[in-house]
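This report refers to the structure that appears directly beneath it.
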Amino acid sequence: MFFRREIVLCRTSIIRWLCCKRFTLIKGLVFVLALSLVSSFFFSYHLMFFNFGLVKRQADPPQPIVSCRVDNIMPKNQLRLPKDHSSEAGLRIGRKVLIMVETQFSKSGTKITHLLEALRIDFKVETTGKNIPTLTHADKGKFAVIIFENFDAYVNMDNWNRQLLDKYCREYDVGMIVFVPSKEDSDEEIVPGFPLRLQYNLALENYKLNEFSNIWRLTKAGETFQGRLPGNDWTVFHTNHSTYEPLSFSQLATLDDESTVSSTNQRHLVAALYDSGQYDGIRRVLYGNCLNFWIHQLIFIDSLSFFSHGKLSITLHRYIQVDVDDIFVGKEGIRMKVVDVEAMAAAQTRLQQDIDGFHFNLGFSGKYYLHGLPEEDDGDRKLIEYRDKFWWFGHMWRHEQAHKFDEAYLAKSMQLNYQFARSHGISVNKYYAVAPHHSGVYPVHEELYNAWRNVWDIKVTSTEEYPHLRPYWRRRGFIYRGIMVLPRQVCGLFTHTIFVDDFEGGREGLDNNIKGGELFQTFLINPVNIFMTHLSNYGNDRLALYTFESVVKFVKCWTNLKLRSLPPLQLGLKYFEMFPEEKDPLWQNPCEYKRHIMIWSENKTCDRLPKFLIIGPQKTGTTALYTFLTMHPTIISNFNSKETFEEVQFFNGNNYYKGLDWYMEFFPLPKNATSNYLFEKSANYFDNDLVPIRAHALLPRVKIICILLSPAKRAYSWYQHMRAHQDVTALNYSFYDIITATEMAPRRVRDLRTRCLNPGMYAQHLLRWLDYFPSRQLFIIDGEQLRNDPVHVMHHLQRFLHIEPYLDYGQYLRYDPKKGFFCQVMNDKLNKCLGRGKGRTYPQMGKASTRFLKHHYKKHNIALSKLLNKLNTVIPDWLQDELRDS
């Protein structure tokens with residue numbers, strides 16, 4: 001189009017020039033005619049050359065070539081039926097896996113943990129040099145499966161730990177998954193204590209599974225992997241004992257210079273072995289390599305199910321949705337033509353044979369309808385003609401990035417798209433929409449969610465950005481403002497992946513992605529898969545059709561997965577029925593991830609997030625510390641809340657669901673982001689289970705400050721605090737009645753008991769914070785010292801926070817004898833102290849309550865002392881006194 005306009009302008013300019021120079025009419029007409037012929041020829045040549053490039057590359061788009069080569073050894077009525085591994089033995093064990101690794105961050109151990117995490121299976125990692133953890137609890141086994149990263153670590157385990165572990169496996173019928181890596185200094189050896197010989201450092205090819213094994217559930221045995229296996233460091237197993245059953249057969253890899261295949265090469269070698277336990281009473285699966293080979297991942301998943309008696313079985317149902325974004329959007333020359341639309345419809349029919357209810361889900365931006373080359377405009381018309389064959393969902397009218405616009409503009413854009421759908425007879429899946437470039441979905445742009453609800457009544461969307469793009473197996477869903485956000489997967493195709501050569505690694509790279517690579521593994525581990533593709537992937541080389549038809553065939557060849565599609569609303573409900581724990585969002589810091597910054601509004605900044613948190617617990621002096629900190633010229637607190645005064649209380653309750661924008665509005669934009677220190681104080685953060693997780697997700701480098709006071713004194717202070725606030729329960733029950741209440745007591749009594757006693761279990765709560773934050777980010781204050789010598793405390797706190805300029809609090813704090821604590825100095829005679837509710841004197845605690853609390857907190861105080869020693873923190877005087885008395 002650009003070239004055509006240039007020729008027209010050129011031709012017009014020359015005509016004007018001719019007229020101005022008063023050429024004769026005949027000469028002028030001849031010249032113009034000649035120029036027109038030349039320009040038309042040049043334009044036709046250019047267009048032919050351009051289209052020739054497309055036609056040449058699109059004339060023969062790649063066709064799916066995957067076909068199953070199953071050796072039908074077993075009878076047809078028994079072939080490839082998935083096993084049900086569940087049994088009563090599963091009632092005696094938990095749902096957790098114990099992983100024994102050589103080092104905490106070993107490569108093979110990391111692969112194991114990543115796969116378990118992707119499968120949403122809970123696990124515990126321990127190094128083999130230490131004592132094994134407690135294996136049982138209340139006559140029940142804690143672990144369903146034991147995994148050893150290295151067989152040698154198990155064989156050479158010290159006798160005590162080995163006996164404990166073996167006894168546990170026999171008593172609870174718990175199996176082991178064991179990896180047997182090669183050894184550089186050995187070619188083969190006999191395993192001490194086992195009728196087993198190992199042969200190391202082999203290159204293998206042609207991998208086939210034993211169809212007769214009872215382990216297979218997910219895996220469809222019978223298919224053969226043809227070609228070289230990855231790596232030259234395979235271990236194979238040799239044995240004559242009846243306890244062992246081969247799970248796979250391979251051959252020695254043929255060298256490049258070998259003209260014939262020797263009989264040795266043709267011999268079946270066992271690279272995965274099942275030990276039925278006949279020899280020592282313990283069932284095992286042994287792998288002659290790590291999880292680098294994709295078939296071993298199938299065996300691993302089935303082994304988990306088999307050894308856990310079905311406890312760790314994953315569902316065989318897979319729900320598939322393929323979104324085709326950017327319908328009608330795209331540059332001239334790369335859009336769909338009539339033949340491409342027909343090919344899409346034909347491929348959909350074929351896919352429906354393997355995926356029950358499958359439809360391509362087309363996301364349209366109506367503004368760009370009929371904005372291509374003539375052949376592509378015909379393709380647009382064909383899509384409208386075929387509108388009832390596909391599912392449709394709304395994009396944005398102009399394909400806008402939502403985070404750049406306000407709600408009014410977004411609503412208008414959606415309404416235009418809505419009118420386009422109505423005028424062209426498109427039946428839109430009204431509950432589902434996707435924002436272009438994932439803009440506004442996550443990080444959340446409130447205006448997008450509001451416009452979606454008001455215009456389309458959207459209830460479901462999807463994104464690949466939550467919590468972030470990589471790694472793909474960590475993507476999760478959440479619900480916000482009543483809209484279900486489902487995890488979206490990429491299939492390796494993007495807007496620029498138009499021809500097969502554009503794929504990284506070309507055709508071979510694409511096939512590797514399909515045949516056991518990331519795309520296949522996405523099907524394998526995710527029960528719900530929403531794939532993102534683009535209009536251009538269905539024209540040109542039609543790579544999307546090739547990709548999905550190939551991977552579906554490959555999945556059907558190698559697994560017993562049952563593929564199905566559901567309308568988006570039903571799919572969203574199904575997802576959160578399967579994963580209800582994901583309903584609550586987990587807000588992360590957009591500034592930690594480059595892609596998130598790109599799709600976050602320009603008027604937002606992470607400079608409005610706190611650099612440190614005062615987390616409590618309540619009644620330990622948090623308000624006093626808050627007051628002292630606000631005296632510093634570079635320390636800035638959050639704005640007060642109408643409901644909770646100086647506390648925001650974002651991470652611990654319903655305020656969290658109001659979103660990140662709501663939270664950031666409580667903080668001013670600092671004049672100097674590098675020297676000003678924003679902070680938040682919410683005293684009930686300390687003992688809330690969810691707060692450390694949420695705080696770390698949003699503020700991974702925030703510093704944490706907590707104050708510890710005698711837990712008995714704190715409990716009594718809380719009770720008196722509730723009485724002062726006219727709490728009916730506290731007024732009607734004595735302190736002793738509250739703290740000694742049983743589970744048979746009224747609910748309001750039990751609730752008050754919890755708030756009195758639970759925060760004082762300091763070690764338990766601190767350990768939960770230390771699960772997410774390193775100890776260098778934690779600062780513990782002695783509550784008694786804060787009351788009696790705040791100047792000293794504030795000196796050390798400033799050093800911990802690296803705050804400049806240094807403030808000498810000795811000039812700003814003074815002891816007030818009337819109040820009994822330190823107050824802010826106003827002038828030589830006047831102090832500014834906390835309100836009447838602070839510094840109250842209460843009746844002395846009764847002896848019975850003192851004895852009860854001393855006994856109740858004894859083990860918690862001992863645990864706290866050990867933890868503080870480990871953290872190299874000074875033991876407070878009050879803790880030493882309580883430990884001495886107890």
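Each chain in the structure tokens gets a letter, A, B and so on, in the order shown; residues start at 1 in every chain, and ligands are counted from 1 in the order they appear.
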Leaving out Leu883 of chain A and any residue of its chain fewer than 6 positions from it, which residues lie within 9 Å of it when counting only C-alpha atoms, given as a ChimeraX atom specification? /A:858,861-862,865
Limited to C-alpha atoms, could you put the picked residues into a file as a tab-separated table (two decimals), in the first residue's frame?
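Output contents, as saved in out04.tsv:
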chain	number	residue	atom	x	y	z
A	858	LYS	CA	7.47	-22.88	79.31
A	861	ASN	CA	10.06	-19.75	75.98
A	862	ILE	CA	12.67	-22.52	75.76
A	865	SER	CA	15.75	-18.93	73.77
Name all residues at most 12 Å from Asp816 of chain A (count only C-alpha atoms; drop same-chain ones fewer than 2 positions away) and give them as an MDAnalysis selection string. chainID A and resid 787:788 813:814 818:825 829:834 839
Would you return as a list in words the members of segment 621-665 of chain A that DSSP assigns to helix (DSSP H, G or I) on this structure's backbone? Thr622, Thr623, Ala624, Leu625, Tyr626, Thr627, Phe628, Leu629, Asn654, Asn655, Tyr656, Tyr657, Lys658, Leu660, Asp661, Trp662, Tyr663 and Met664 of chain A
In Å, with one decimal, what is the gap from atom CA of Gln785 of chain A to atom CA of Arg884 of chain A?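 Computed distance, atom CA of Gln785 of chain A to atom CA of Arg884 of chain A, equals 19.3 Å.
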DSSP on the backbone, then: every residue of segment 442-547 of chain A marked strand (DSSP E or B), written as an MDAnalysis selection string. chainID A and resid 460:463 478:480 483:490 528:534
Close residues, Lys870 of chain A itself excluded, 12 Å, only C-alpha atoms, min 6 positions apart in chain, as a PyMOL selection string: chain A and resi 763+767+775+863-864
Save out the residues we just selected, N, CA and C atoms, as a CSV table (one decimal), in the first residue's frame.
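part_18.csv, freshly written:
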chain,number,residue,atom,x,y,z
A,763,ALA,N,8.4,-18.1,69.3
A,763,ALA,CA,9.3,-18.9,68.4
A,763,ALA,C,8.6,-19.5,67.3
A,767,LEU,N,9.6,-18.4,63.4
A,767,LEU,CA,10.1,-19.3,62.5
A,767,LEU,C,9.3,-19.3,61.2
A,775,SER,N,17.3,-14.0,58.1
A,775,SER,CA,17.5,-13.4,59.4
A,775,SER,C,18.1,-12.0,59.4
A,863,ALA,N,12.0,-22.7,73.4
A,863,ALA,CA,12.2,-22.7,72.0
A,863,ALA,C,12.6,-21.3,71.6
A,864,LEU,N,12.1,-20.2,72.2
A,864,LEU,CA,12.5,-18.9,71.8
A,864,LEU,C,14.0,-18.6,72.2
Using only C-alpha atoms, pick whichever of A:Pro711, A:Gly506, A:Pro487, A:Gly90 has the shortest atom-to-atom distance to Tyr762 of chain A.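 Ranked by minimum distance to Tyr762 of chain A, first place goes to A:Pro711.
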Separation of atom CA of Pro585 of chain A from atom CA of Asp122 of chain A in Å: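 If I compute the distance from atom CA of Asp122 of chain A to atom CA of Pro585 of chain A, I get 20.2 Å.
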Within 12 Å of Ser108 of chain A, counting only C-alpha atoms, which residues qualify if same-chain residues fewer than 6 places away don't, as a list in words?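 Close residues of Ser108 of chain A: Ile99, Met100, Val101, Glu102, His114, Leu115, Ile147, Phe148, Glu149, Asn150, Val178, Phe179, Val180, Pro181, Asn289, Cys290, Leu291 and Asn292 of chain A.
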Within 10 Å of segment 308-331 of chain A, which residues of segment 113-187 of chain A show up? Give each one with its shortest atom-to-atom distance in Å (one decimal) and the two atoms involved, counting only C-alpha atoms, rows by chain then rising residue number, as CSV.
residue,atom,partner,partner_atom,distance
A:Leu119,CA,A:Ile314,CA,7.7
A:Arg120,CA,A:Ile314,CA,9.3
A:Ile121,CA,A:Leu312,CA,7.3
A:Asp122,CA,A:Leu312,CA,9.6
A:Phe143,CA,A:Ser308,CA,8.8
A:Ala144,CA,A:Ser308,CA,5.0
A:Val145,CA,A:Ser308,CA,6.1
A:Ile146,CA,A:Ser308,CA,9.8
A:Asp173,CA,A:Ser308,CA,8.6
A:Val174,CA,A:Ser308,CA,6.8
A:Gly175,CA,A:Ser308,CA,7.4
A:Met176,CA,A:Ser308,CA,9.9
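Proximity of A:Glu184, A:Glu385, A:Glu582, A:Glu602 to His403 of chain A, computed with only C-alpha atoms, is greatest for A:Glu602.
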So that I can see what lies close to Leu609 of chain A, please list as a PyMOL selection string the residues with an atom at most 9 Å from it, counting only C-alpha atoms and leaving out residues fewer than 5 positions away in the same chain. chain A and resi 663-664+667+678-679+698-699
Proximity to Leu196 of chain A - best of A:Leu362, A:Leu273, A:Val434, A:Met761, only C-alpha atoms: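 Ranked by minimum distance to Leu196 of chain A, first place goes to A:Leu273.
A straight line drawn from atom CA of Ser305 of chain A to atom CA of Ile355 of chain A is 25.0 Å long.
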Would you list the contacts of Ile282 of chain A as a PDB file with all heavy atoms, in the first residue's frame, taking every protein, DNA or RNA residue within 9 Å and counting only C-alpha atoms, but skipping same-chain residues closer than 2 positions in sequence?
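selection39.pdb, written as the output of this step:
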ATOM      1  N   ASP A 166      14.385 -48.251  56.559  1.00  0.00           N
ATOM      2  CA  ASP A 166      13.912 -49.533  56.022  1.00  0.00           C
ATOM      3  C   ASP A 166      12.715 -50.047  56.827  1.00  0.00           C
ATOM      4  O   ASP A 166      11.745 -50.566  56.254  1.00  0.00           O
ATOM      5  CB  ASP A 166      15.035 -50.562  56.036  1.00  0.00           C
ATOM      6  CG  ASP A 166      16.091 -50.288  54.970  1.00  0.00           C
ATOM      7  OD1 ASP A 166      15.885 -49.351  54.184  1.00  0.00           O
ATOM      8  OD2 ASP A 166      17.119 -50.997  54.960  1.00  0.00           O
ATOM      9  N   CYS A 169       9.628 -48.121  55.793  1.00  0.00           N
ATOM     10  CA  CYS A 169       9.119 -48.527  54.487  1.00  0.00           C
ATOM     11  C   CYS A 169       8.395 -49.865  54.546  1.00  0.00           C
ATOM     12  O   CYS A 169       7.353 -50.053  53.908  1.00  0.00           O
ATOM     13  CB  CYS A 169      10.264 -48.592  53.472  1.00  0.00           C
ATOM     14  SG  CYS A 169      10.956 -46.977  53.051  1.00  0.00           S
ATOM     15  N   ARG A 170       8.932 -50.801  55.341  1.00  0.00           N
ATOM     16  CA  ARG A 170       8.285 -52.114  55.451  1.00  0.00           C
ATOM     17  C   ARG A 170       6.974 -52.010  56.231  1.00  0.00           C
ATOM     18  O   ARG A 170       5.955 -52.595  55.834  1.00  0.00           O
ATOM     19  CB  ARG A 170       9.226 -53.101  56.146  1.00  0.00           C
ATOM     20  CG  ARG A 170      10.480 -53.439  55.359  1.00  0.00           C
ATOM     21  CD  ARG A 170      11.258 -54.559  56.021  1.00  0.00           C
ATOM     22  NE  ARG A 170      12.568 -54.751  55.388  1.00  0.00           N
ATOM     23  CZ  ARG A 170      13.718 -54.316  55.874  1.00  0.00           C
ATOM     24  NH1 ARG A 170      13.725 -53.651  57.044  1.00  0.00           N
ATOM     25  NH2 ARG A 170      14.848 -54.527  55.241  1.00  0.00           N
ATOM     26  N   ASP A 173       4.466 -49.883  54.168  1.00  0.00           N
ATOM     27  CA  ASP A 173       4.437 -50.228  52.749  1.00  0.00           C
ATOM     28  C   ASP A 173       4.686 -48.992  51.887  1.00  0.00           C
ATOM     29  O   ASP A 173       3.932 -48.678  50.961  1.00  0.00           O
ATOM     30  CB  ASP A 173       3.101 -50.877  52.374  1.00  0.00           C
ATOM     31  CG  ASP A 173       3.185 -51.585  51.021  1.00  0.00           C
ATOM     32  OD1 ASP A 173       4.310 -51.758  50.511  1.00  0.00           O
ATOM     33  OD2 ASP A 173       2.123 -51.933  50.470  1.00  0.00           O
ATOM     34  N   VAL A 174       5.744 -48.282  52.214  1.00  0.00           N
ATOM     35  CA  VAL A 174       6.144 -47.079  51.490  1.00  0.00           C
ATOM     36  C   VAL A 174       7.281 -47.439  50.539  1.00  0.00           C
ATOM     37  O   VAL A 174       8.259 -48.069  50.943  1.00  0.00           O
ATOM     38  CB  VAL A 174       6.581 -45.969  52.467  1.00  0.00           C
ATOM     39  CG1 VAL A 174       7.261 -44.831  51.723  1.00  0.00           C
ATOM     40  CG2 VAL A 174       5.380 -45.457  53.247  1.00  0.00           C
ATOM     41  N   GLY A 175       7.153 -47.059  49.281  1.00  0.00           N
ATOM     42  CA  GLY A 175       8.159 -47.386  48.289  1.00  0.00           C
ATOM     43  C   GLY A 175       9.188 -46.290  48.111  1.00  0.00           C
ATOM     44  O   GLY A 175       9.020 -45.153  48.577  1.00  0.00           O
ATOM     45  N   MET A 176      10.259 -46.635  47.414  1.00  0.00           N
ATOM     46  CA  MET A 176      11.354 -45.700  47.147  1.00  0.00           C
ATOM     47  C   MET A 176      11.518 -45.479  45.646  1.00  0.00           C
ATOM     48  O   MET A 176      11.369 -46.411  44.854  1.00  0.00           O
ATOM     49  CB  MET A 176      12.684 -46.233  47.689  1.00  0.00           C
ATOM     50  CG  MET A 176      12.805 -46.281  49.190  1.00  0.00           C
ATOM     51  SD  MET A 176      14.472 -46.822  49.649  1.00  0.00           S
ATOM     52  CE  MET A 176      14.300 -46.931  51.431  1.00  0.00           C
ATOM     53  N   ASP A 275      11.774 -52.986  41.578  1.00  0.00           N
ATOM     54  CA  ASP A 275      12.080 -53.961  42.629  1.00  0.00           C
ATOM     55  C   ASP A 275      10.800 -54.208  43.405  1.00  0.00           C
ATOM     56  O   ASP A 275      10.289 -53.318  44.092  1.00  0.00           O
ATOM     57  CB  ASP A 275      13.177 -53.393  43.537  1.00  0.00           C
ATOM     58  CG  ASP A 275      13.558 -54.337  44.667  1.00  0.00           C
ATOM     59  OD1 ASP A 275      12.888 -55.373  44.843  1.00  0.00           O
ATOM     60  OD2 ASP A 275      14.521 -54.016  45.404  1.00  0.00           O
ATOM     61  N   SER A 276      10.250 -55.420  43.302  1.00  0.00           N
ATOM     62  CA  SER A 276       8.958 -55.737  43.922  1.00  0.00           C
ATOM     63  C   SER A 276       9.057 -55.985  45.419  1.00  0.00           C
ATOM     64  O   SER A 276       8.039 -56.197  46.083  1.00  0.00           O
ATOM     65  CB  SER A 276       8.332 -56.951  43.247  1.00  0.00           C
ATOM     66  OG  SER A 276       9.150 -58.104  43.440  1.00  0.00           O
ATOM     67  N   GLY A 277      10.279 -55.998  45.993  1.00  0.00           N
ATOM     68  CA  GLY A 277      10.446 -56.167  47.431  1.00  0.00           C
ATOM     69  C   GLY A 277      10.607 -57.594  47.890  1.00  0.00           C
ATOM     70  O   GLY A 277      10.652 -57.860  49.105  1.00  0.00           O
ATOM     71  N   GLN A 278      10.728 -58.552  46.975  1.00  0.00           N
ATOM     72  CA  GLN A 278      10.882 -59.954  47.373  1.00  0.00           C
ATOM     73  C   GLN A 278      12.203 -60.198  48.090  1.00  0.00           C
ATOM     74  O   GLN A 278      12.309 -61.106  48.917  1.00  0.00           O
ATOM     75  CB  GLN A 278      10.802 -60.858  46.133  1.00  0.00           C
ATOM     76  CG  GLN A 278       9.474 -60.824  45.409  1.00  0.00           C
ATOM     77  CD  GLN A 278       9.488 -61.694  44.170  1.00  0.00           C
ATOM     78  OE1 GLN A 278      10.172 -62.727  44.123  1.00  0.00           O
ATOM     79  NE2 GLN A 278       8.747 -61.278  43.135  1.00  0.00           N
ATOM     80  N   TYR A 279      13.196 -59.379  47.800  1.00  0.00           N
ATOM     81  CA  TYR A 279      14.527 -59.593  48.372  1.00  0.00           C
ATOM     82  C   TYR A 279      14.636 -59.049  49.798  1.00  0.00           C
ATOM     83  O   TYR A 279      15.122 -59.753  50.697  1.00  0.00           O
ATOM     84  CB  TYR A 279      15.571 -58.934  47.470  1.00  0.00           C
ATOM     85  CG  TYR A 279      16.992 -59.167  47.937  1.00  0.00           C
ATOM     86  CD1 TYR A 279      17.607 -60.404  47.784  1.00  0.00           C
ATOM     87  CD2 TYR A 279      17.726 -58.132  48.521  1.00  0.00           C
ATOM     88  CE1 TYR A 279      18.908 -60.616  48.215  1.00  0.00           C
ATOM     89  CE2 TYR A 279      19.022 -58.333  48.942  1.00  0.00           C
ATOM     90  CZ  TYR A 279      19.612 -59.575  48.795  1.00  0.00           C
ATOM     91  OH  TYR A 279      20.898 -59.770  49.219  1.00  0.00           O
ATOM     92  N   ASP A 280      14.184 -57.819  50.051  1.00  0.00           N
ATOM     93  CA  ASP A 280      14.338 -57.231  51.388  1.00  0.00           C
ATOM     94  C   ASP A 280      13.062 -56.577  51.915  1.00  0.00           C
ATOM     95  O   ASP A 280      13.094 -55.883  52.928  1.00  0.00           O
ATOM     96  CB  ASP A 280      15.472 -56.208  51.401  1.00  0.00           C
ATOM     97  CG  ASP A 280      15.204 -55.023  50.494  1.00  0.00           C
ATOM     98  OD1 ASP A 280      14.184 -55.028  49.782  1.00  0.00           O
ATOM     99  OD2 ASP A 280      16.027 -54.078  50.483  1.00  0.00           O
ATOM    100  N   ARG A 284      10.922 -50.652  45.185  1.00  0.00           N
ATOM    101  CA  ARG A 284      11.688 -49.524  44.647  1.00  0.00           C
ATOM    102  C   ARG A 284      11.523 -49.450  43.135  1.00  0.00           C
ATOM    103  O   ARG A 284      11.238 -50.446  42.473  1.00  0.00           O
ATOM    104  CB  ARG A 284      13.182 -49.658  44.962  1.00  0.00           C
ATOM    105  CG  ARG A 284      13.533 -49.781  46.437  1.00  0.00           C
ATOM    106  CD  ARG A 284      15.035 -49.988  46.597  1.00  0.00           C
ATOM    107  NE  ARG A 284      15.415 -50.208  47.976  1.00  0.00           N
ATOM    108  CZ  ARG A 284      15.410 -51.407  48.576  1.00  0.00           C
ATOM    109  NH1 ARG A 284      15.065 -52.486  47.877  1.00  0.00           N
ATOM    110  NH2 ARG A 284      15.765 -51.521  49.830  1.00  0.00           N
TER     111      ARG A 284
END
Could you name the residues that touch segment 440-442 of chain A at 12 Å or less, counting only C-alpha atoms, but leaving out those on the same chain fewer than 3 positions away, as JSON, numbers by chain? {"A": [400, 401, 402, 403, 404, 405, 406, 407, 410, 433, 434, 435, 436, 437, 445, 446, 447, 448, 449, 450, 451, 452, 460, 461, 462, 463, 464, 465, 466, 467, 468, 469, 476, 477, 478, 479, 480, 481, 483, 484, 485, 486, 487, 488, 585, 586, 587, 588, 589, 590, 593, 595, 596, 597, 598, 599, 600, 601, 659, 660]}
